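Structure below is run29.cif: mmCIF, C-alpha atoms.
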data_target
loop_
_atom_site.label_atom_id
_atom_site.label_comp_id
_atom_site.auth_asym_id
_atom_site.auth_seq_id
_atom_site.Cartn_x
_atom_site.Cartn_y
_atom_site.Cartn_z
CA MET X 1 -1.35 -151.93 -63.48
CA ASN X 2 -0.58 -155.46 -64.72
CA LEU X 3 3.13 -154.65 -64.70
CA PHE X 4 2.90 -153.51 -61.09
CA ALA X 5 1.06 -156.70 -60.14
CA ASP X 6 3.70 -158.74 -61.97
CA ALA X 7 6.41 -156.91 -60.03
CA VAL X 8 4.70 -157.72 -56.73
CA ARG X 9 4.40 -161.36 -57.74
CA TRP X 10 8.11 -161.39 -58.61
CA LEU X 11 8.94 -160.01 -55.17
CA LEU X 12 6.77 -162.61 -53.43
CA ASP X 13 8.11 -165.53 -55.46
CA PRO X 14 9.94 -167.90 -53.06
CA ALA X 15 12.67 -168.27 -55.67
CA GLN X 16 13.72 -164.65 -55.01
CA TRP X 17 14.32 -165.37 -51.31
CA THR X 18 16.88 -168.15 -51.66
CA GLY X 19 20.30 -168.47 -53.26
CA SER X 20 23.33 -166.22 -53.62
CA TYR X 21 21.23 -163.43 -55.16
CA ALA X 22 18.31 -163.68 -52.74
CA LEU X 23 16.62 -160.43 -51.79
CA PRO X 24 17.92 -160.51 -48.19
CA VAL X 25 21.48 -160.88 -49.56
CA LEU X 26 20.96 -157.99 -51.99
CA PHE X 27 19.48 -155.88 -49.18
CA THR X 28 22.50 -156.55 -46.96
CA GLN X 29 24.91 -155.65 -49.76
CA HIS X 30 23.06 -152.42 -50.55
CA VAL X 31 22.88 -151.32 -46.92
CA LEU X 32 26.50 -152.23 -46.13
CA TYR X 33 27.86 -150.28 -49.10
CA THR X 34 25.69 -147.31 -48.12
CA LEU X 35 26.68 -147.34 -44.45
CA ALA X 36 30.39 -147.82 -45.14
CA SER X 37 30.44 -145.03 -47.73
CA VAL X 38 28.54 -142.51 -45.60
CA LEU X 39 30.60 -143.25 -42.48
CA ILE X 40 33.91 -142.83 -44.31
CA ALA X 41 32.66 -139.66 -46.01
CA ALA X 42 31.46 -138.29 -42.65
CA ALA X 43 34.86 -138.97 -41.05
CA ILE X 44 36.43 -136.82 -43.77
CA ALA X 45 33.84 -134.12 -44.42
CA VAL X 46 32.29 -133.38 -41.02
CA PRO X 47 35.49 -132.31 -39.17
CA ALA X 48 36.49 -130.23 -42.20
CA GLY X 49 33.06 -128.61 -42.30
CA TRP X 50 33.12 -127.84 -38.58
CA LEU X 51 36.54 -126.25 -38.96
CA ILE X 52 35.33 -124.11 -41.86
CA GLY X 53 32.18 -123.07 -40.03
CA HIS X 54 34.02 -122.33 -36.78
CA THR X 55 36.88 -120.33 -38.30
CA GLY X 56 35.11 -118.89 -41.33
CA ARG X 57 38.12 -119.76 -43.50
CA GLY X 58 38.09 -121.96 -46.56
CA ARG X 59 34.39 -121.60 -47.33
CA GLU X 60 34.97 -120.62 -50.96
CA VAL X 61 37.17 -123.66 -51.52
CA ALA X 62 34.59 -125.94 -49.90
CA VAL X 63 31.79 -124.52 -52.04
CA ALA X 64 33.89 -124.97 -55.20
CA ILE X 65 34.79 -128.56 -54.30
CA SER X 66 31.19 -129.41 -53.41
CA GLY X 67 29.89 -127.93 -56.64
CA ALA X 68 32.45 -129.73 -58.75
CA ALA X 69 31.81 -133.05 -57.01
CA ARG X 70 28.05 -132.77 -57.58
CA ALA X 71 28.66 -132.24 -61.31
CA ILE X 72 30.57 -135.51 -61.70
CA PRO X 73 28.44 -138.27 -63.30
CA SER X 74 28.36 -141.15 -60.84
CA PHE X 75 28.37 -143.94 -63.42
CA GLY X 76 31.27 -142.39 -65.33
CA LEU X 77 33.23 -141.95 -62.09
CA LEU X 78 32.61 -145.58 -61.13
CA ILE X 79 33.83 -146.91 -64.48
CA LEU X 80 36.87 -144.61 -64.41
CA LEU X 81 37.89 -145.75 -60.93
CA VAL X 82 37.35 -149.41 -61.82
CA LEU X 83 39.71 -148.96 -64.75
CA LEU X 84 42.26 -147.16 -62.56
CA PHE X 85 42.06 -149.59 -59.65
CA GLY X 86 41.91 -152.72 -61.82
CA VAL X 87 39.34 -155.49 -62.02
CA LEU X 88 40.66 -157.10 -58.85
CA GLN X 89 39.86 -153.98 -56.81
CA VAL X 90 36.31 -153.35 -57.99
CA PRO X 91 34.80 -153.16 -54.45
CA ALA X 92 37.40 -150.57 -53.44
CA ALA X 93 36.75 -148.54 -56.59
CA ALA X 94 33.01 -148.60 -55.94
CA LEU X 95 33.48 -147.58 -52.31
CA VAL X 96 35.69 -144.64 -53.28
CA THR X 97 33.05 -143.57 -55.82
CA PHE X 98 30.27 -143.57 -53.23
CA VAL X 99 32.44 -141.77 -50.67
CA LEU X 100 33.29 -139.00 -53.13
CA LEU X 101 29.63 -138.52 -53.95
CA ALA X 102 28.63 -138.36 -50.26
CA ILE X 103 31.23 -135.80 -49.20
CA PRO X 104 29.67 -132.61 -50.70
CA SER X 105 26.35 -132.87 -48.83
CA LEU X 106 28.05 -133.75 -45.56
CA LEU X 107 30.58 -130.93 -45.91
CA ALA X 108 27.84 -128.39 -46.67
CA GLY X 109 25.67 -129.61 -43.79
CA ALA X 110 28.55 -129.35 -41.32
CA TYR X 111 29.68 -125.82 -42.10
CA THR X 112 26.28 -124.28 -42.85
CA GLY X 113 24.99 -125.65 -39.55
CA ILE X 114 27.54 -123.52 -37.70
CA GLU X 115 27.33 -120.53 -40.05
CA ALA X 116 23.56 -120.35 -39.59
CA ILE X 117 23.88 -119.66 -35.85
CA ASP X 118 23.18 -116.07 -34.86
CA PRO X 119 26.59 -114.50 -33.98
CA ARG X 120 24.99 -112.92 -30.90
CA VAL X 121 24.41 -116.41 -29.51
CA ILE X 122 28.14 -117.13 -29.82
CA ASP X 123 28.99 -113.78 -28.23
CA ALA X 124 26.57 -114.44 -25.37
CA ALA X 125 28.12 -117.87 -24.76
CA LYS X 126 31.60 -116.33 -24.59
CA ALA X 127 30.32 -113.63 -22.26
CA MET X 128 29.06 -116.36 -19.94
CA GLY X 129 32.67 -117.56 -19.60
CA MET X 130 32.55 -120.59 -21.89
CA THR X 131 35.86 -121.84 -23.23
CA PRO X 132 36.31 -122.20 -27.04
CA TRP X 133 35.71 -125.96 -26.70
CA GLN X 134 32.54 -125.36 -24.66
CA VAL X 135 31.32 -122.83 -27.23
CA PHE X 136 31.79 -125.41 -29.98
CA TRP X 137 30.37 -128.42 -28.12
CA LYS X 138 27.51 -126.78 -26.19
CA VAL X 139 26.48 -124.12 -28.71
CA GLU X 140 27.79 -124.61 -32.25
CA PHE X 141 27.51 -128.39 -32.31
CA ARG X 142 24.10 -128.53 -30.63
CA LEU X 143 22.54 -125.74 -32.68
CA GLY X 144 24.16 -126.87 -35.94
CA LEU X 145 23.17 -130.52 -35.51
CA PRO X 146 19.83 -130.30 -37.40
CA LEU X 147 21.53 -128.99 -40.54
CA LEU X 148 24.30 -131.57 -40.18
CA ILE X 149 21.68 -134.32 -40.04
CA GLY X 150 20.10 -132.72 -43.09
CA GLY X 151 23.41 -133.07 -44.92
CA LEU X 152 23.71 -136.65 -43.71
CA ARG X 153 20.18 -137.28 -44.94
CA ALA X 154 20.93 -135.92 -48.41
CA ALA X 155 24.22 -137.85 -48.64
CA THR X 156 22.61 -141.13 -47.58
CA LEU X 157 19.77 -140.82 -50.07
CA GLN X 158 22.22 -140.04 -52.87
CA VAL X 159 24.39 -143.02 -51.99
CA ILE X 160 21.36 -145.34 -51.78
CA ALA X 161 20.41 -144.30 -55.30
CA THR X 162 23.98 -144.54 -56.60
CA VAL X 163 24.74 -147.94 -55.08
CA THR X 164 22.16 -149.25 -57.57
CA ILE X 165 24.77 -148.95 -60.33
CA ALA X 166 27.15 -151.21 -58.39
CA ALA X 167 25.39 -154.13 -60.07
CA TRP X 168 27.01 -153.06 -63.36
CA VAL X 169 30.33 -154.22 -61.91
CA ASN X 170 28.83 -157.32 -60.29
CA LEU X 171 28.68 -156.03 -56.72
CA GLY X 172 25.05 -156.93 -56.07
CA GLY X 173 22.64 -154.72 -54.22
CA PHE X 174 19.09 -153.89 -55.25
CA GLY X 175 20.41 -152.79 -58.63
CA TYR X 176 21.02 -156.43 -59.55
CA PRO X 177 17.39 -157.21 -60.53
CA ILE X 178 17.32 -154.04 -62.62
CA ILE X 179 20.59 -154.68 -64.44
CA GLN X 180 19.78 -158.34 -64.99
CA GLY X 181 16.19 -157.70 -66.06
CA ILE X 182 16.84 -155.07 -68.75
CA PRO X 183 18.62 -157.31 -71.31
CA LEU X 184 16.18 -160.15 -70.57
CA GLY X 185 13.15 -157.94 -71.14
CA ARG X 186 11.88 -158.83 -67.64
CA PHE X 187 10.29 -155.49 -66.89
CA ASP X 188 8.44 -156.92 -63.88
CA GLN X 189 11.86 -157.67 -62.38
CA VAL X 190 13.16 -154.23 -63.33
CA LEU X 191 10.18 -152.54 -61.68
CA ALA X 192 10.55 -154.76 -58.61
CA GLY X 193 14.19 -153.69 -58.23
CA ALA X 194 13.23 -150.04 -58.62
CA LEU X 195 10.52 -150.43 -55.98
CA LEU X 196 13.02 -151.96 -53.57
CA VAL X 197 15.44 -149.05 -54.02
CA ALA X 198 12.62 -146.53 -53.63
CA ALA X 199 11.32 -148.25 -50.49
CA LEU X 200 14.78 -148.28 -48.91
CA ALA X 201 15.25 -144.59 -49.72
CA LEU X 202 11.83 -143.67 -48.30
CA VAL X 203 12.47 -145.53 -45.04
CA ALA X 204 15.90 -143.88 -44.67
CA ASP X 205 14.41 -140.46 -45.44
CA LEU X 206 11.68 -140.92 -42.82
CA LEU X 207 14.19 -141.95 -40.14
CA PHE X 208 16.44 -138.97 -40.89
CA ALA X 209 13.44 -136.61 -40.91
CA ILE X 210 12.51 -137.81 -37.42
CA ALA X 211 16.12 -137.50 -36.24
CA GLN X 212 16.46 -134.01 -37.74
CA ARG X 213 13.34 -132.81 -35.95
CA ALA X 214 14.42 -134.37 -32.67
CA ALA X 215 17.87 -132.72 -32.95
CA VAL X 216 16.40 -129.21 -32.63
CA PRO X 217 17.03 -128.17 -28.99
CA ALA X 218 13.89 -127.69 -26.91
CA GLY X 219 14.83 -124.09 -26.15
CA VAL X 220 15.04 -123.24 -29.84
CA ARG X 221 11.67 -124.86 -30.56
CA ALA X 222 10.12 -122.92 -27.69
CA ALA X 223 11.62 -119.65 -28.92
CA GLY X 224 10.52 -120.22 -32.50
CA GLY X 225 7.00 -119.08 -31.90
CA ARG X 226 7.98 -115.77 -30.26
CA SER X 227 8.61 -112.44 -31.90
CA GLY X 228 11.81 -110.47 -31.75
CA ASP X 229 15.50 -111.45 -31.88
CA GLU X 230 16.23 -111.32 -28.16
CA PRO X 231 13.84 -114.14 -27.20
CA ARG X 232 15.35 -116.32 -29.94
CA THR X 233 18.84 -115.66 -28.60
CA ARG X 234 17.78 -116.63 -25.07
CA GLY X 235 16.03 -119.70 -26.44
CA ALA X 236 19.15 -120.77 -28.32
CA LEU X 237 21.25 -120.49 -25.17
CA ARG X 238 18.69 -122.49 -23.19
CA GLY X 239 18.76 -125.09 -25.95
CA ALA X 240 22.54 -125.22 -25.78
CA ARG X 241 22.46 -125.81 -22.03
CA THR X 242 19.92 -128.66 -22.16
#
Full structure transcribed into structure tokens:
Amino acid sequence: MNLFADAVRWLLDPAQWTGSYALPVLFTQHVLYTLASVLIAAAIAVPAGWLIGHTGRGREVAVAISGAARAIPSFGLLILLVLLFGVLQVPAAALVTFVLLAIPSLLAGAYTGIEAIDPRVIDAAKAMGMTPWQVFWKVEFRLGLPLLIGGLRAATLQVIATVTIAAWVNLGGFGYPIIQGIPLGRFDQVLAGALLVAALALVADLLFAIAQRAAVPAGVRAAGGRSGDEPRTRGALRGART
């Protein structure tokens, strides 16, 4: 309990809110690395996932790539890329590391969101005269959005946790108090850094949970409480129209 109180005192110390390693600066660094990594990963993985889910081709390759990427140790990958890129390109090496770690969850969220749609919903949309683009945009995209946001949620949380190790290569972020405090034996500082990372992750998780719930079309939510497959199909089509 004393350690927790010491960590709170460290966070409230005015000295931690000024200077080049002030907490607002570290927060900005952590968030910017996270946002940049997730956005780049989404630009790569989401279109690929939609294509896989829409066509049904390449799923085995995507699963293999996602599984292999999840098995890669993040710290080892960061050090390897720093060595390959060179000490002058450390930010680029770190960004590539975070992007590679975010891709699997985004890829899985994109293609499973489309694969999870009842095929009868797709057939009904085509029978209504929708073009392939309309089927994708009004049905597959809308109904697959909750799972896509789920993938985005998982990727963001993983990157938030992984950006902590960026402090090992002097890139700041909330990992800086942790990395600096360990050799100094300042465990109040270490705990404070861990609390900051956890708080950022919890806030991000809450926001994505709200967004994921809001992304479920109203027609699907209304049909969820009914029995039978036919009402759910009609509800999905109503949700696609709204």
Kindly provide, as JSON, the centre and edge lengths (Å, one decimal) of an axis-aligned box around all atoms of segment 129-146 of chain X given in the file, with 5 Å on each side.
{"center_x": 28.1, "center_y": -124.0, "center_z": -28.5, "size_x": 26.5, "size_y": 23.0, "size_z": 27.8}
Run the PyMOL selection byres ((chain X and resi 63) around 12) against the file shown and list the residues it catches, as a VMD selection string.
chain X and resid 49 52 57 to 62 64 to 70 103 to 109 111 to 112
How would the residues just chosen look if you wrote them out with C-alpha atoms as a PDB file, in the coordinates of the input?
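Dumped everything to again13.pdb:
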ATOM      1  CA  GLY X  49      33.060-128.610 -42.300  1.00  0.00           C
ATOM      2  CA  ILE X  52      35.330-124.110 -41.860  1.00  0.00           C
ATOM      3  CA  ARG X  57      38.120-119.760 -43.500  1.00  0.00           C
ATOM      4  CA  GLY X  58      38.090-121.960 -46.560  1.00  0.00           C
ATOM      5  CA  ARG X  59      34.390-121.600 -47.330  1.00  0.00           C
ATOM      6  CA  GLU X  60      34.970-120.620 -50.960  1.00  0.00           C
ATOM      7  CA  VAL X  61      37.170-123.660 -51.520  1.00  0.00           C
ATOM      8  CA  ALA X  62      34.590-125.940 -49.900  1.00  0.00           C
ATOM      9  CA  ALA X  64      33.890-124.970 -55.200  1.00  0.00           C
ATOM     10  CA  ILE X  65      34.790-128.560 -54.300  1.00  0.00           C
ATOM     11  CA  SER X  66      31.190-129.410 -53.410  1.00  0.00           C
ATOM     12  CA  GLY X  67      29.890-127.930 -56.640  1.00  0.00           C
ATOM     13  CA  ALA X  68      32.450-129.730 -58.750  1.00  0.00           C
ATOM     14  CA  ALA X  69      31.810-133.050 -57.010  1.00  0.00           C
ATOM     15  CA  ARG X  70      28.050-132.770 -57.580  1.00  0.00           C
ATOM     16  CA  ILE X 103      31.230-135.800 -49.200  1.00  0.00           C
ATOM     17  CA  PRO X 104      29.670-132.610 -50.700  1.00  0.00           C
ATOM     18  CA  SER X 105      26.350-132.870 -48.830  1.00  0.00           C
ATOM     19  CA  LEU X 106      28.050-133.750 -45.560  1.00  0.00           C
ATOM     20  CA  LEU X 107      30.580-130.930 -45.910  1.00  0.00           C
ATOM     21  CA  ALA X 108      27.840-128.390 -46.670  1.00  0.00           C
ATOM     22  CA  GLY X 109      25.670-129.610 -43.790  1.00  0.00           C
ATOM     23  CA  TYR X 111      29.680-125.820 -42.100  1.00  0.00           C
ATOM     24  CA  THR X 112      26.280-124.280 -42.850  1.00  0.00           C
TER      25      THR X 112
END
Quick one: residues within 8 Å of segment 30-34 of chain X, only C-alpha atoms, excluding same-chain residues fewer than 4 positions away - as a list in words?
Leu26, Val38, Leu95, Phe98, Thr156, Val159, Ile160, Val163, Thr164, Gly172, Gly173 and Phe174 of chain X
Quick check, in Å to one decimal: how far apart do atom CA of Ala43 of chain X and atom CA of Ile79 of chain X lie?
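Separation between atom CA of Ala43 of chain X and atom CA of Ile79 of chain X: 24.8 Å.
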Which is closer to Phe136 of chain X than all the others in X:Asn2, X:Gln29, X:Thr55, X:Gln16, using all atoms listed in the file?
X:Thr55
For each of X:Ala110, X:Leu152, X:Ala93, X:Leu23, take the minimum atom-to-atom distance to Leu11 of chain X, counting all atoms listed in the file, then give the residue where this is smallest.
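Using all atoms listed in the file, Leu11 of chain X sits closest to X:Leu23.
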